[in-house]
Each structure stands twice: as C-alpha cells, then as structure tokens.
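Trainee: Take a look at the following structure, please.
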Amino acid sequence: MIVATLVLGAGLYAFQPWKLWQNETVNEALPTASAAPGPASSSTAAGTTAPPSPSGPQTLAQGALISHEHSTTGTVKLIRLPDGSRTLRFENLDTSNGPDLRVWLTDAPVKEGKEGWDVFDDGKYVSLGKLKGNRGDQNYEVPADVNLADYTSITIWCDRFNVSFGAAALQAA
C-alpha cells in the first residue's frame with residue numbers, strides 16, 4: 001500500500017493532470033519599449049544591424065501556430081520596439097496547460113503531425129522563459145545578444161516531457 005501511494009504521488013507530480021482543466025489567460029498589451037534600454041542598434045530578422053525605430057513597433061517576422069502534442073492556435077510575431085529592443089508576442093494563443101512549458105526560439109523546421117513533436121531540441125534554441133499562460137496575448141523579451149537570423153521558428157516546449165505543444169515557422173514580414 002505504501003509503495004502504491006508513492007508511485008501514485010510520483011505520477012501525479014510528473015504529469016500534473018489537473019492542469020489539463022486549468023486555464024491561465026494572460027492579456028498583455030504590446031510594450032512600447034523594453035524595461036532596460038538596449039544598445040543603439042539591434043539585429044533584425046535578416047541579421048543586419050538597424051537603428052532604433054522612432055515611428056513605433058515594427059513586425060520583423062510572424063507565423064501561425066500549428067498543433068503538435070496538444071491543440072494549439074494563434075499567431076506569433078517578432079517585433080522591434082522603438083528603442084531597438086525585440087519582443088516575441090503571442091496573439092490569440094490557445095493551447096493546453098501543462099507542466100513546465102517554455103517558449104523557445106529555434107532553428108528547427110516546423111513539421112506537421114507527430115514527426116514535428118520532438119525536433120526542437122535537436123539543434124540551436126534559446127529559451128525566452130516559462131509560458132505565462134495558455135491563453136491570450138503575451139510578450140517575451142528577446143535578449144539583445146540573440147541574432148534573429150539564426151532562428152526560424154518558435155515552439156511552446158514541454159521541458160518535462162521533451163515535446164512541443166505547438167510551433168510556428170517565422171516568415172519575414
């Protein structure tokens with residue numbers, strides 16, 4: 001009985017099945033500038049250096065999310081803010097909740113179906129942090145030293161089970 005209780009407890013901790021029925025909605029506005037001013041120039045999606053834009057946010061790349069392990073919809077945009085900093089933004093995100101979900105910029109190709117579930121940790125990737133919520137609009141700061149030309153996609157990655165919940169190929173805007 002003690003062993004069964006320990007196994008059940010470990011299984012519940014690992015899978016956290018209650019999260020499948022919990023939704024966390026985040027509705028962040030597009031930031032007007034990063035919290036910390038960056039250098040006078042930044043890398044664009046093409047990998048070139050450009051000065052900050054005084055005219056407002058500029059979409060550098062974008063894509064539509066596709067489903068992998070869990071049904072996932074919405075759009076993603078890489079945006080350069082007027083101060084030259086960059087933000088990855090989810091709009092109208094809708095996916096399942098889960099344990100240890102991360103937002104990754106990657107160099108992996110986005111593949112439909114099960115063959116695309118586990119390719120994102122095979123190559124180059126950078127974590128932008130934990131997924132803030134499984135629904136809504138949300139922003140993730142892209143570090144200034146990240147060369148966007150090295151990355152072609154994003155994934156919502158379950159770090160606990162090494163699987164993509166959903167992903168989007170990034171196309172220049």
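FYI, nothing fancy with the structure tokens labels: chains A, B, ... in order, residues from 1 per chain, ligands from 1 as they appear.
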Could you build a table of the residues in stretch 87-134 of chain A lying no more than 10 Å from stretch 156-168 of chain A, giving for each the nearest pair of atoms and their separation in Å rounded to one decimal place, using only C-alpha atoms, ordered by chain and ascending residue number, as a Markdown table?

Mentor:
```
| residue | atom | partner | partner_atom | distance |
| --- | --- | --- | --- | --- |
| A:Asp94 | CA | A:Gly166 | CA | 9.9 |
| A:Thr95 | CA | A:Phe165 | CA | 7.5 |
| A:Ser96 | CA | A:Phe165 | CA | 7.8 |
| A:Asn97 | CA | A:Phe165 | CA | 9.3 |
| A:Gly98 | CA | A:Cys158 | CA | 7.4 |
| A:Pro99 | CA | A:Arg160 | CA | 6.7 |
| A:Asp100 | CA | A:Asp159 | CA | 5.6 |
| A:Leu101 | CA | A:Cys158 | CA | 4.5 |
| A:Arg102 | CA | A:Trp157 | CA | 5.0 |
| A:Val103 | CA | A:Ile156 | CA | 4.9 |
| A:Trp104 | CA | A:Ile156 | CA | 6.5 |
| A:Leu105 | CA | A:Ile156 | CA | 9.3 |
| A:Thr106 | CA | A:Ala167 | CA | 9.9 |
| A:Pro109 | CA | A:Ala168 | CA | 9.1 |
| A:Val110 | CA | A:Ala168 | CA | 6.5 |
| A:Lys111 | CA | A:Ala167 | CA | 8.7 |
| A:Glu112 | CA | A:Ala167 | CA | 9.4 |
| A:Lys114 | CA | A:Ser164 | CA | 9.6 |
| A:Gly116 | CA | A:Ser164 | CA | 7.7 |
| A:Trp117 | CA | A:Ser164 | CA | 4.9 |
| A:Asp118 | CA | A:Val163 | CA | 5.0 |
| A:Val119 | CA | A:Ser164 | CA | 8.3 |
| A:Phe120 | CA | A:Ser164 | CA | 7.5 |
| A:Asp121 | CA | A:Asn162 | CA | 7.9 |
| A:Ser127 | CA | A:Trp157 | CA | 9.3 |
| A:Lys130 | CA | A:Ile156 | CA | 9.2 |
| A:Leu131 | CA | A:Ile156 | CA | 7.5 |
| A:Asn134 | CA | A:Ile156 | CA | 9.7 |
```

Trainee: Fewer than 6 positions away in the same chain doesn't count, so skip those; otherwise give me all residues within 12 Å of A:Asn92, counting only C-alpha atoms, as a compact mmCIF listing (two decimals) with N, CA and C atoms, in the first residue's frame.

Mentor:
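Produced file selection.txt, reproduced below:
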```txt
# COMPACT_ATOMS: atom_id res chain seq x y z
N THR A 25 -5.29 32.69 -18.46
CA THR A 25 -5.39 33.69 -19.52
C THR A 25 -4.53 34.90 -19.18
N VAL A 26 -3.72 35.31 -20.14
CA VAL A 26 -2.86 36.48 -19.99
C VAL A 26 -3.21 37.44 -21.13
N ASN A 27 -3.47 38.68 -20.81
CA ASN A 27 -3.78 39.69 -21.83
C ASN A 27 -2.87 40.90 -21.65
N GLU A 28 -1.64 40.77 -22.14
CA GLU A 28 -0.67 41.85 -22.06
C GLU A 28 -0.76 42.73 -23.31
N ALA A 64 1.91 31.48 -38.00
CA ALA A 64 0.71 30.91 -37.40
C ALA A 64 1.09 29.63 -36.67
N LEU A 65 0.59 29.48 -35.45
CA LEU A 65 0.88 28.29 -34.66
C LEU A 65 0.14 27.08 -35.21
N THR A 72 -3.16 23.63 -30.56
CA THR A 72 -2.58 24.95 -30.33
C THR A 72 -2.91 25.85 -31.52
N THR A 73 -3.44 27.05 -31.22
CA THR A 73 -3.75 28.01 -32.26
C THR A 73 -3.30 29.40 -31.81
N GLY A 74 -3.23 30.30 -32.77
CA GLY A 74 -2.86 31.68 -32.51
C GLY A 74 -1.76 32.11 -33.47
N THR A 75 -1.28 33.33 -33.28
CA THR A 75 -0.19 33.84 -34.11
C THR A 75 0.96 34.28 -33.21
N VAL A 76 2.13 34.35 -33.82
CA VAL A 76 3.32 34.80 -33.12
C VAL A 76 4.01 35.85 -33.99
N LYS A 77 4.55 36.87 -33.34
CA LYS A 77 5.24 37.94 -34.06
C LYS A 77 6.55 38.27 -33.33
N GLY A 133 0.88 31.90 -19.69
CA GLY A 133 -0.49 31.41 -19.63
C GLY A 133 -0.78 30.66 -20.91
N ASN A 134 -1.77 29.80 -20.88
CA ASN A 134 -2.07 29.00 -22.06
C ASN A 134 -3.10 29.66 -22.98
N ARG A 135 -3.55 30.86 -22.62
CA ARG A 135 -4.50 31.59 -23.47
C ARG A 135 -4.17 33.08 -23.46
N GLY A 136 -4.51 33.75 -24.55
CA GLY A 136 -4.43 35.20 -24.58
C GLY A 136 -3.27 35.76 -25.36
N ASP A 137 -2.94 37.01 -25.04
CA ASP A 137 -1.86 37.77 -25.69
C ASP A 137 -0.75 37.96 -24.67
N GLN A 138 0.49 37.66 -25.07
CA GLN A 138 1.60 37.78 -24.13
C GLN A 138 2.90 38.07 -24.84
N ASN A 139 3.84 38.68 -24.11
CA ASN A 139 5.10 39.16 -24.66
C ASN A 139 6.28 38.51 -23.94
```

Trainee: Could you pull out all residues of stretch 63-157 of chain A with a DSSP call of strand (DSSP E or B) and give them as a ChimeraX atom specification?

Mentor: /A:63-64,66-67,73-80,86-94,101-106,125-130,135-142,153-157

Trainee: For A:Asp107, which residue out of A:Asn147, A:Ser71, A:Gln22, A:Ser55 is the nearest one, using only C-alpha atoms?

Mentor: A:Asn147

Trainee: If you measure from atom CA of A:Glu115 to atom CA of A:Thr155, what distance in Å do you get, rounded to one decimal?

Mentor: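 About the pair atom CA of A:Glu115 and atom CA of A:Thr155: they are 14.1 Å apart.
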